[in-house]
Each structure stands twice: as C-alpha cells, then as structure tokens.
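Novice: Quick one, target-v1.cif (mmCIF, C-alpha atoms):
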```cif
data_input
#
loop_
_atom_site.label_atom_id
_atom_site.label_comp_id
_atom_site.auth_asym_id
_atom_site.auth_seq_id
_atom_site.Cartn_x
_atom_site.Cartn_y
_atom_site.Cartn_z
CA ILE A 1 -103.90 -15.49 -200.58
CA THR A 2 -102.48 -15.22 -197.08
CA ASP A 3 -99.11 -15.06 -195.34
CA LEU A 4 -99.04 -18.43 -193.63
CA GLY A 5 -95.98 -17.79 -191.49
CA ASP A 6 -92.99 -20.13 -191.56
CA LEU A 7 -94.58 -23.53 -192.21
CA ASN A 8 -91.42 -25.57 -192.82
CA GLY A 9 -89.12 -23.92 -190.27
CA ASP A 10 -86.59 -22.45 -192.72
CA GLY A 11 -86.99 -18.89 -191.42
CA ILE A 12 -88.89 -17.67 -194.50
CA HIS A 13 -92.62 -16.88 -194.58
CA ASP A 14 -94.72 -19.12 -196.79
CA LEU A 15 -98.01 -18.50 -198.62
CA ALA A 16 -101.41 -20.17 -198.88
CA VAL A 17 -103.35 -19.54 -202.09
CA GLY A 18 -106.96 -20.56 -202.66
CA ASN A 19 -108.33 -21.86 -205.97
CA PRO A 20 -112.11 -22.26 -205.52
CA PHE A 21 -112.66 -23.37 -209.11
CA ASP A 22 -110.30 -26.36 -208.98
CA ASP A 23 -112.03 -29.53 -210.18
CA ASP A 24 -110.18 -32.10 -208.03
CA GLY A 25 -112.82 -34.66 -207.06
CA GLY A 26 -115.63 -32.87 -208.90
CA PHE A 27 -116.81 -29.66 -210.51
CA ARG A 28 -115.41 -26.58 -208.72
CA LYS A 29 -114.97 -28.36 -205.43
CA GLY A 30 -111.92 -26.18 -204.89
CA ALA A 31 -108.41 -26.47 -203.48
CA VAL A 32 -105.68 -24.63 -201.57
CA TRP A 33 -102.02 -24.44 -202.58
CA LEU A 34 -99.26 -24.04 -199.99
CA LEU A 35 -96.24 -22.30 -201.48
CA LEU A 36 -92.97 -22.73 -199.58
CA MET A 37 -90.99 -19.65 -200.46
CA GLN A 38 -87.31 -18.79 -200.91
CA SER A 39 -85.70 -15.52 -199.87
CA ASP A 40 -85.54 -14.35 -203.49
CA GLY A 41 -89.33 -14.58 -203.85
CA THR A 42 -89.40 -17.80 -205.85
CA VAL A 43 -91.13 -21.03 -204.82
CA ALA A 44 -88.91 -23.73 -203.31
CA ASP A 45 -91.67 -26.34 -202.98
CA TYR A 46 -95.46 -26.56 -203.00
CA HIS A 47 -98.29 -28.74 -201.73
CA LYS A 48 -101.91 -29.02 -202.79
CA ILE A 49 -104.84 -29.54 -200.43
CA SER A 50 -108.04 -30.78 -202.06
CA GLU A 51 -110.53 -33.61 -201.79
CA VAL A 52 -107.97 -35.97 -203.35
CA GLU A 53 -104.64 -34.49 -202.18
CA GLY A 54 -102.95 -33.39 -198.99
CA ASN A 55 -104.79 -35.72 -196.56
CA LEU A 56 -107.78 -33.37 -196.34
CA GLY A 57 -110.04 -36.31 -195.52
CA LEU A 58 -113.26 -34.58 -196.65
CA VAL A 59 -115.83 -35.10 -199.37
CA LEU A 60 -116.39 -31.54 -200.59
CA GLU A 61 -119.54 -30.30 -202.29
CA GLU A 62 -119.53 -29.74 -206.03
CA ALA A 63 -119.50 -26.00 -206.80
CA GLY A 64 -118.94 -25.32 -203.09
CA TRP A 65 -115.86 -23.16 -203.83
CA PHE A 66 -113.55 -24.49 -201.12
CA GLY A 67 -110.58 -22.10 -201.11
CA TYR A 68 -112.54 -18.97 -202.02
CA GLU A 69 -110.88 -17.22 -199.06
CA VAL A 70 -107.88 -18.37 -197.03
CA GLU A 71 -106.74 -16.74 -193.81
CA ALA A 72 -103.79 -17.62 -191.58
CA LEU A 73 -104.72 -18.13 -187.93
CA GLY A 74 -101.28 -18.60 -186.44
CA ASP A 75 -100.71 -21.70 -184.33
CA LEU A 76 -104.27 -22.35 -183.15
CA ASN A 77 -103.67 -25.73 -181.50
CA GLY A 78 -100.23 -24.98 -180.02
CA ASP A 79 -98.27 -27.68 -181.89
CA GLY A 80 -95.74 -25.23 -183.37
CA THR A 81 -97.21 -25.30 -186.90
CA PRO A 82 -99.37 -22.50 -188.36
CA ASP A 83 -103.01 -23.29 -189.11
CA LEU A 84 -105.46 -21.99 -191.67
CA ALA A 85 -109.10 -20.97 -192.14
CA VAL A 86 -110.54 -21.83 -195.57
CA SER A 87 -113.98 -20.74 -196.73
CA ALA A 88 -116.46 -22.45 -199.05
CA PRO A 89 -119.18 -19.79 -199.48
CA LYS A 90 -121.43 -21.82 -201.78
CA GLU A 91 -121.66 -24.95 -199.67
CA SER A 92 -125.31 -25.91 -199.26
CA TYR A 93 -125.33 -28.42 -196.39
CA GLY A 94 -128.53 -27.67 -194.46
CA GLY A 95 -129.88 -25.28 -197.08
CA ILE A 96 -128.94 -23.47 -200.30
CA ASP A 97 -125.68 -21.50 -200.70
CA LEU A 98 -125.34 -21.12 -196.94
CA GLY A 99 -121.56 -21.23 -196.94
CA ALA A 100 -119.07 -22.72 -194.50
CA VAL A 101 -115.60 -22.20 -193.05
CA TYR A 102 -113.09 -24.98 -192.45
CA ILE A 103 -110.38 -24.73 -189.80
CA VAL A 104 -107.45 -26.66 -191.29
CA PHE A 105 -104.76 -27.80 -188.86
CA LEU A 106 -101.53 -28.35 -190.76
CA ASN A 107 -98.49 -30.61 -190.45
CA PRO A 108 -95.00 -29.16 -191.09
CA ASP A 109 -94.83 -31.16 -194.34
CA GLY A 110 -97.82 -29.29 -195.78
CA THR A 111 -100.36 -32.07 -195.31
CA VAL A 112 -103.50 -31.77 -193.21
CA LEU A 113 -103.43 -32.97 -189.61
CA THR A 114 -107.18 -32.58 -189.10
CA THR A 115 -110.06 -30.26 -189.99
CA ARG A 116 -113.09 -28.75 -188.28
CA LYS A 117 -116.12 -27.37 -190.12
CA ILE A 118 -118.02 -24.25 -189.03
CA GLY A 119 -121.43 -23.82 -190.67
CA LYS A 120 -125.12 -23.78 -189.94
CA ASN A 121 -125.54 -25.60 -186.61
CA ILE A 122 -122.06 -27.14 -187.07
CA GLY A 123 -118.90 -26.53 -185.08
CA GLY A 124 -120.62 -24.56 -182.33
CA PHE A 125 -122.11 -22.04 -184.76
CA GLY A 126 -125.82 -21.94 -183.89
CA GLY A 127 -128.01 -24.78 -182.78
CA GLY A 128 -129.31 -25.64 -179.32
CA PHE A 129 -130.12 -22.60 -177.22
CA ASN A 130 -127.95 -20.42 -179.45
CA SER A 131 -130.19 -20.72 -182.52
CA VAL A 132 -129.13 -17.58 -184.38
CA THR A 133 -127.11 -18.61 -187.41
CA ILE A 134 -126.86 -18.25 -191.18
CA SER A 135 -129.67 -18.69 -193.71
CA ASP A 136 -130.10 -19.73 -197.35
CA ASN A 137 -128.14 -17.67 -199.89
CA ASP A 138 -126.07 -15.86 -197.23
CA TYR A 139 -122.70 -16.87 -198.79
CA PHE A 140 -121.07 -17.17 -195.37
CA GLY A 141 -117.32 -17.09 -195.98
CA ARG A 142 -117.29 -14.70 -198.95
CA SER A 143 -114.51 -12.88 -197.10
CA MET A 144 -112.60 -13.41 -193.85
CA VAL A 145 -109.99 -11.72 -191.69
CA ALA A 146 -108.01 -13.03 -188.73
CA LEU A 147 -108.54 -10.77 -185.73
CA GLY A 148 -105.81 -12.02 -183.45
CA ASP A 149 -106.95 -12.74 -179.90
CA LEU A 150 -109.96 -10.41 -179.77
CA ASN A 151 -111.39 -11.58 -176.44
CA LEU A 152 -107.99 -12.12 -174.78
CA ASP A 153 -108.53 -15.83 -174.07
CA GLY A 154 -105.23 -16.83 -175.67
CA THR A 155 -106.83 -18.14 -178.90
CA PRO A 156 -107.00 -16.33 -182.26
CA ASP A 157 -110.45 -15.25 -183.44
CA LEU A 158 -111.96 -14.77 -186.90
CA ALA A 159 -114.32 -12.36 -188.68
CA VAL A 160 -116.38 -13.92 -191.48
CA ALA A 161 -118.61 -12.02 -193.91
CA ALA A 162 -121.99 -13.21 -195.17
CA ASP A 163 -122.46 -10.62 -197.89
CA LYS A 164 -125.99 -11.70 -198.88
CA ASP A 165 -127.44 -11.73 -195.36
CA ASP A 166 -130.89 -10.11 -195.36
CA THR A 167 -130.85 -8.62 -191.86
CA GLY A 168 -131.79 -4.97 -192.31
CA GLY A 169 -132.76 -5.42 -195.96
CA LEU A 170 -132.36 -7.61 -199.02
CA ASN A 171 -128.69 -8.64 -199.38
CA ALA A 172 -127.68 -6.01 -196.80
CA GLY A 173 -124.86 -8.25 -195.60
CA ALA A 174 -123.45 -9.01 -192.17
CA MET A 175 -120.19 -9.82 -190.43
CA TRP A 176 -119.90 -12.64 -187.91
CA ILE A 177 -117.21 -12.53 -185.20
CA LEU A 178 -116.22 -16.09 -184.28
CA PHE A 179 -114.47 -16.63 -180.96
CA LEU A 180 -112.59 -19.86 -181.56
CA ASP A 181 -111.59 -22.71 -179.26
CA GLY A 182 -107.94 -23.77 -179.19
CA ASP A 183 -106.43 -27.25 -178.90
CA GLU A 184 -107.55 -29.29 -181.92
CA LEU A 185 -111.21 -28.25 -181.70
CA GLY A 186 -111.23 -25.28 -184.04
CA THR A 187 -114.89 -24.83 -183.20
CA VAL A 188 -116.69 -21.68 -182.13
CA ALA A 189 -116.33 -21.29 -178.37
CA ALA A 190 -119.32 -21.85 -176.10
CA ASN A 191 -120.00 -23.43 -172.74
CA ASP A 192 -121.08 -27.06 -172.56
CA MET A 193 -124.79 -26.20 -172.84
CA ALA A 194 -124.27 -23.66 -175.63
CA VAL A 195 -126.21 -21.08 -173.63
CA LEU A 196 -123.78 -18.19 -173.90
CA PRO A 197 -123.65 -16.09 -177.08
CA ILE A 198 -120.81 -17.34 -179.25
CA THR A 199 -120.89 -14.71 -181.96
CA ALA A 200 -121.22 -10.97 -182.24
CA ARG A 201 -122.97 -9.46 -185.19
CA VAL A 202 -121.89 -6.20 -186.77
CA ASP A 203 -124.66 -4.22 -188.44
CA SER A 204 -126.34 -0.84 -188.46
CA GLU A 205 -128.11 -1.52 -185.15
CA LEU A 206 -124.90 -1.42 -183.13
CA PRO A 207 -124.06 1.84 -181.35
CA ALA A 208 -120.95 3.86 -182.14
CA THR A 209 -117.91 2.09 -180.67
CA LEU A 210 -114.16 2.22 -180.69
CA ALA A 211 -112.86 1.95 -184.26
CA LEU A 212 -109.52 1.75 -186.02
CA ARG A 213 -110.69 3.38 -189.24
CA ALA A 214 -107.66 3.45 -191.51
CA VAL A 215 -103.98 2.60 -191.80
CA TYR A 216 -102.08 4.52 -194.43
CA PRO A 217 -99.90 3.87 -196.26
CA ASN A 218 -100.61 0.15 -196.36
CA PRO A 219 -98.43 -1.74 -197.34
CA VAL A 220 -95.93 -0.06 -195.02
CA ARG A 221 -92.27 0.52 -195.81
CA THR A 222 -91.05 2.26 -192.65
CA ALA A 223 -93.94 3.96 -190.82
CA THR A 224 -97.68 4.47 -191.14
CA THR A 225 -100.49 6.63 -189.78
CA LEU A 226 -103.22 4.99 -187.70
CA GLN A 227 -106.55 6.80 -187.84
CA TYR A 228 -108.97 5.89 -185.05
CA VAL A 229 -112.15 7.01 -183.28
CA LEU A 230 -112.76 7.08 -179.51
CA PRO A 231 -116.37 7.15 -178.25
CA THR A 232 -115.15 8.36 -174.82
CA PRO A 233 -111.90 9.79 -173.38
CA SER A 234 -109.50 6.87 -173.00
CA GLU A 235 -105.99 5.68 -172.27
CA VAL A 236 -104.80 4.48 -175.67
CA HIS A 237 -102.11 2.05 -176.70
CA PHE A 238 -101.36 -0.07 -179.75
CA THR A 239 -99.93 -3.56 -180.12
CA VAL A 240 -98.65 -5.25 -183.27
CA ILE A 241 -99.21 -9.01 -183.57
CA ASP A 242 -97.62 -11.33 -186.12
CA MET A 243 -99.36 -14.25 -187.83
CA LEU A 244 -98.18 -16.63 -185.10
CA GLY A 245 -100.09 -14.61 -182.52
CA ARG A 246 -96.99 -13.04 -180.94
CA THR A 247 -96.89 -9.42 -179.83
CA VAL A 248 -93.90 -7.94 -181.66
CA ALA A 249 -94.33 -4.20 -180.97
CA GLU A 250 -96.20 -1.88 -178.61
CA GLN A 251 -96.81 1.87 -178.51
CA ALA A 252 -98.48 3.87 -175.72
CA GLU A 253 -100.31 7.06 -176.68
CA GLY A 254 -101.46 8.15 -173.22
CA ARG A 255 -104.89 9.62 -172.51
CA ARG A 256 -106.78 10.96 -175.52
CA SER A 257 -110.09 12.82 -175.71
CA ALA A 258 -113.12 11.42 -177.56
CA GLY A 259 -113.39 11.89 -181.31
CA SER A 260 -111.28 11.21 -184.40
CA ARG A 261 -107.58 10.85 -183.62
CA GLN A 262 -104.44 9.61 -185.31
CA ALA A 263 -101.06 8.19 -184.35
CA ARG A 264 -97.82 7.53 -186.21
CA MET A 265 -96.22 4.10 -185.81
CA SER A 266 -92.87 2.77 -187.04
CA PHE A 267 -92.53 -0.70 -188.57
CA SER A 268 -88.90 -0.32 -189.61
CA GLY A 269 -87.68 -3.01 -187.21
CA LEU A 270 -90.10 -5.72 -188.34
CA PRO A 271 -89.51 -8.21 -191.16
CA ASN A 272 -91.71 -8.25 -194.24
CA GLY A 273 -95.05 -9.94 -193.72
CA VAL A 274 -98.64 -9.49 -192.57
CA TYR A 275 -99.41 -8.17 -189.08
CA VAL A 276 -102.47 -7.21 -187.06
CA VAL A 277 -102.46 -3.78 -185.42
CA ARG A 278 -104.66 -3.72 -182.34
CA LEU A 279 -105.96 -0.52 -180.74
CA HIS A 280 -106.70 -0.82 -176.99
CA ALA A 281 -108.87 1.67 -175.08
CA ASN A 282 -111.05 1.27 -171.96
CA GLY A 283 -110.82 -2.52 -172.06
CA VAL A 284 -112.02 -2.69 -175.69
CA ALA A 285 -109.96 -3.49 -178.80
CA ALA A 286 -110.19 -2.77 -182.53
CA THR A 287 -107.94 -4.22 -185.20
CA ARG A 288 -106.61 -3.67 -188.70
CA ARG A 289 -104.38 -5.82 -190.86
CA VAL A 290 -101.11 -4.31 -192.12
CA MET A 291 -98.62 -5.60 -194.65
CA VAL A 292 -94.96 -4.65 -194.18
CA ALA A 293 -92.91 -4.54 -197.39
CA HIS A 294 -89.57 -2.78 -196.96
#
```
Show this structure as structure tokens.
Specialist:
Amino acid sequence: ITDLGDLNGDGIHDLAVGNPFDDDGGFRKGAVWLLLMQSDGTVADYHKISEVEGNLGLVLEEAGWFGYEVEALGDLNGDGTPDLAVSAPKESYGGIDLGAVYIVFLNPDGTVLTTRKIGKNIGGFGGGFNSVTISDNDYFGRSMVALGDLNLDGTPDLAVAADKDDTGGLNAGAMWILFLDGDELGTVAANDMAVLPITARVDSELPATLALRAVYPNPVRTATTLQYVLPTPSEVHFTVIDMLGRTVAEQAEGRRSAGSRQARMSFSGLPNGVYVVRLHANGVAATRRVMVAH
C-alpha cells in the first residue's frame, strides 16, 4: 500500500493497494487497486489495474505477482498526475524468478497512460557495456522505497530489494538504487551508449557513509527525532519532500562533528500523509520515509 497523492484533484490523498494473488487474466498474475478517498477515511471511488482492466496493455506472467509492492513516485513525467512503481518479484522473463518493476504512468481517471518495464537487460537495467544485473531466483522487487530525487537531477529515484541475491553468500540479498529518467521513459538513466554506471549496489563491501539511521516516533503526530551518523564533520541540514516531489519543509542544523547525532524536527504544520526526510551533508544525501498522522 502507498500514499499515491491526490490522483483526482479533490484535495484528498488517495491510495494504491497491491494484490499480487489476483487471478485476472490467469493464475496469480496480480493487480493494483486505486482507492480514491474521502476526508472521513472512506472510499469514494476505486479503479482496478490488471491484465484485463485499467488499460494496462500488458500480458502479465502467471504467478508473477504483479502488485507485490507498490510505491508512489510523484509526478515522474511532469503531466500533473502522480505515477506509480509496481513490482512483480516472481516474473521469469530471461530466467527463473528474476523479478521486475513496472513504472506505471497514470491518467487522472485512474486508468493507465503507459508503462515501462525494468528487469534483466530491460529498461536500461543491465545489458550492453553495463552488464551487471539480476540473476535467477533474486526476487528483484520483493520490496521498494521511493527515494525522492537522490542524485538531484530533478527526477525521483527508487530503491529496489532483491532479497535472494547471492552476492556475498547464499541468499545474502542486495539493494539496487535506480536513477530514473523523467518524461514518459520511466527507464533507468544512462547515456546513449550505456557506458556509465546506472545503479549503485548496497552491500557489506561499501565503506561507512552518511546514514539516517532512525526516525522515531514514526508515524509522527507533531514532532520526531532523527538519528543520523556522520563519517566526517559536516554542515548538516534536512529537507522534507512530499509524494509529489515538492520540498515542504527545511531545517538547518549547522556544523556537526563526526559520529552518531540526532535532531528534533516538527511536522505539526504538514497535512497527514507520507513524506521523505532527506539528510544533506558534504554534498551527500540519505533518506528515510515518514508518515504523518495527526
């Protein structure tokens, strides 16, 4: 489930809910429900996206589990309507249980404008000179989180888990950071020749880096404590980003010494919903997702 933002323009945040075991079109092909909410918490209207509904325009794999994870991306293509990432972690195109992620561009009426698939050697993810990608039984897409604009190129980015990845040991797991293209591409960004690295891998081989370790309490009613780690002395500030990619709050902490630190941040002026808190220090950023529920 994810806070989609205001899909239909009525001023109320709407929800996307995945159902990976839906049998529309075949056994456990999966589906996503868009719930258009009312201010009292009830559903005003709803739309289904599956192989046979919502103009998805795809033939999904049986037992591929489309809708296992859903994550709001904000307005990726700049048309004023929020867009969505949907995972199918048991899709086997190009192998066995590799997994895939679909970028779903939405219309205001809850139907699909277009889709882009990200998987093994698809959508800019591996292939060509950049041959590092997922393998059999990785379950790419088992979990996801929207990162906001991690590389500051104006386009939201996405972290995708492959919890059965064998790098470092059997089923050790890995996280892929996908820097996305905007417009209506929805693919993983690269140059024309696909020479530049398009993903960053998070595993035990990486050195200690800036980290936003914890946010508590979460959900937040009025204020929360942000616990973070600095590898070097740094000027620190925080930004809060909503699901449409807008910066809605900022807080400067000044210069802080290296080590474990914490800050207190107020959310009392923000409406209920899901936000990304971004920690900035020495040109590097770390993020955590926060839910505000007054």
Novice: Out of A:Leu98, A:Asn137, A:Val86, A:Leu56, which residue has the shortest atom-to-atom distance to A:Leu170 when counting all atoms listed in the file?
Specialist: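 Going through A:Leu98, A:Asn137, A:Val86, A:Leu56 one by one, the smallest distance to A:Leu170 is for A:Asn137.
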Novice: Taking all atoms listed in the file into account, name the residue in A:Asp75, A:Met265, A:Arg278, A:Ile122 that is nearest to A:Leu152.
Specialist: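 Between A:Asp75, A:Met265, A:Arg278, A:Ile122, the residue approaching A:Leu152 most closely is A:Arg278.
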Novice: Report the distance between atom CA of A:Ser143 and atom CA of A:Ala159 in Å, rounded to one decimal place.
Specialist: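 Rounded to one decimal, the two atoms are 8.4 Å apart.
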Novice: Taking the file above as input, evaluate the PyMOL selection byres ((chain A and resi 241-251) around 7) and report the hits as a PyMOL selection string.
Specialist: chain A and resi 5+72-75+82+148+237-240+252-253+274-277
Novice: Could you write out as a PyMOL selection string the residues that the PyMOL selection byres ((chain A and resi 33) around 6) matches in the shown file?
Specialist: chain A and resi 16-17+32+34+47-48
Novice: Residues of the last selection are to be written out with C-alpha atoms, as an mmCIF file, keeping the file's coordinate frame.
Specialist:
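Result file follows (selection.cif):
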```cif
data_model
loop_
_atom_site.group_PDB
_atom_site.id
_atom_site.type_symbol
_atom_site.label_atom_id
_atom_site.label_comp_id
_atom_site.auth_asym_id
_atom_site.auth_seq_id
_atom_site.Cartn_x
_atom_site.Cartn_y
_atom_site.Cartn_z
ATOM 1 C CA ALA A 16 -101.410 -20.170 -198.880
ATOM 2 C CA VAL A 17 -103.350 -19.540 -202.090
ATOM 3 C CA VAL A 32 -105.680 -24.630 -201.570
ATOM 4 C CA LEU A 34 -99.260 -24.040 -199.990
ATOM 5 C CA HIS A 47 -98.290 -28.740 -201.730
ATOM 6 C CA LYS A 48 -101.910 -29.020 -202.790
#
```
Novice: Hey, which of A:Leu279, A:Val101, A:Asp6, A:His294 ends up closest to A:Leu150? Count only C-alpha atoms.
Specialist: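 Under the stated criterion, the closest residue is A:Leu279.
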Novice: Find the distance between atom CA of A:Ile134 and atom CA of A:Gly94 and write it in Å to one decimal.
Specialist: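 Straight-line distance from atom CA of A:Ile134 to atom CA of A:Gly94 works out to 10.1 Å.
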Novice: Return the single residue from A:Tyr68, A:Tyr228, A:Phe140, A:Phe125 that is closest to A:Ala258, with distances computed using only C-alpha atoms.
Specialist: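 Of A:Tyr68, A:Tyr228, A:Phe140, A:Phe125, the one nearest A:Ala258 is A:Tyr228, counting only C-alpha atoms.
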Novice: For this file, the PyMOL selection byres ((chain A and resi 155) around 7) selects which residues, as an mmCIF file with C-alpha atoms, in the frame of the given file?
Specialist:
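expr-v4.cif, freshly written:
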```
data_model
loop_
_atom_site.group_PDB
_atom_site.id
_atom_site.type_symbol
_atom_site.label_atom_id
_atom_site.label_comp_id
_atom_site.auth_asym_id
_atom_site.auth_seq_id
_atom_site.Cartn_x
_atom_site.Cartn_y
_atom_site.Cartn_z
ATOM 1 C CA LEU A 76 -104.270 -22.350 -183.150
ATOM 2 C CA ASP A 149 -106.950 -12.740 -179.900
ATOM 3 C CA ASP A 153 -108.530 -15.830 -174.070
ATOM 4 C CA GLY A 154 -105.230 -16.830 -175.670
ATOM 5 C CA PRO A 156 -107.000 -16.330 -182.260
ATOM 6 C CA ASP A 157 -110.450 -15.250 -183.440
ATOM 7 C CA LEU A 180 -112.590 -19.860 -181.560
ATOM 8 C CA ASP A 181 -111.590 -22.710 -179.260
ATOM 9 C CA GLY A 182 -107.940 -23.770 -179.190
#
```
Novice: Compare A:Ala263, A:Tyr93, A:Asp10, A:Leu158 by their minimum atom-to-atom distance to A:Val59, counting all atoms listed in the file, and give me the closest one.
Specialist: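 Closest candidate: A:Tyr93.
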Novice: Could you jot down the atom CA of A:Met37 to atom CA of A:Gly11 separation for me, Å, one decimal place?
Specialist: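 One can read the atom CA of A:Met37 to atom CA of A:Gly11 distance as 9.9 Å.
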Novice: From the list A:Ser50, A:Gln262, A:Ser268, A:Thr133, which residue is nearest A:Ala223 when using all atoms listed in the file?
Specialist: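 Nearest candidate to A:Ala223 out of A:Ser50, A:Gln262, A:Ser268, A:Thr133: A:Ser268.
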Novice: Please write as a list of chain:residue names the list of polymer residues whose atoms come within 8 Å of (-130.5, -12.8, -189.9), counting all atoms listed in the file and keeping to the coordinates of the file.
Specialist: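 Checking each residue against the 8 Å limit leaves A:Val132, A:Thr133, A:Ile134, A:Ser135, A:Asp165, A:Asp166, A:Thr167.
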Novice: Given the point (-121.8, -25.1, -201.5) in the file's coordinates, find the residues that have an atom at most 10 Å from it, counting all atoms listed in the file, and give them as a CSV table (one decimal) with C-alpha atoms, keeping the file's coordinate frame.
Specialist:
```csv
chain,number,residue,atom,x,y,z
A,28,ARG,CA,-115.4,-26.6,-208.7
A,29,LYS,CA,-115.0,-28.4,-205.4
A,60,LEU,CA,-116.4,-31.5,-200.6
A,61,GLU,CA,-119.5,-30.3,-202.3
A,62,GLU,CA,-119.5,-29.7,-206.0
A,63,ALA,CA,-119.5,-26.0,-206.8
A,64,GLY,CA,-118.9,-25.3,-203.1
A,65,TRP,CA,-115.9,-23.2,-203.8
A,66,PHE,CA,-113.6,-24.5,-201.1
A,88,ALA,CA,-116.5,-22.4,-199.0
A,89,PRO,CA,-119.2,-19.8,-199.5
A,90,LYS,CA,-121.4,-21.8,-201.8
A,91,GLU,CA,-121.7,-25.0,-199.7
A,92,SER,CA,-125.3,-25.9,-199.3
A,93,TYR,CA,-125.3,-28.4,-196.4
A,95,GLY,CA,-129.9,-25.3,-197.1
A,96,ILE,CA,-128.9,-23.5,-200.3
A,97,ASP,CA,-125.7,-21.5,-200.7
A,98,LEU,CA,-125.3,-21.1,-196.9
A,99,GLY,CA,-121.6,-21.2,-196.9
A,100,ALA,CA,-119.1,-22.7,-194.5
A,137,ASN,CA,-128.1,-17.7,-199.9
A,139,TYR,CA,-122.7,-16.9,-198.8
```
Novice: Near A:Leu36, counting only C-alpha atoms, which residues have an atom at most 7 Å away, once you skip same-chain residues fewer than 5 positions from it, shown as a list in words?
Specialist: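 Surrounding residues, per the criterion: Asp14, Leu15, Val43, Ala44, Asp45 and Tyr46 of chain A.
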Novice: Let me have the centre and edge lengths of the axis-aligned box enclosing all listed atoms of stretch 136-153 of chain A with 3 Å padding on every side, in Å to one decimal, as lines of an AutoDock Vina configuration file.
Specialist:
```
center_x = -118.0
center_y = -15.1
center_z = -187.0
size_x = 30.3
size_y = 15.3
size_z = 31.8
```
Novice: Give me the residues near A:Val160 as a VMD selection string, where near means some atom within 8 Å (using only C-alpha atoms) and where sequence neighbours in that chain fewer than 5 positions away do not count.
Specialist: chain A and resid 140 to 145 175 to 178
Novice: Report as a list in words all protein, DNA and RNA residues lying within 6 Å of A:Glu235, evaluated on only C-alpha atoms, omitting residues in the same chain fewer than 2 positions from it.
Specialist: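 Skipping anything fewer than 2 positions along the chain leaves Gly254, Arg255 and Ala281 of chain A.
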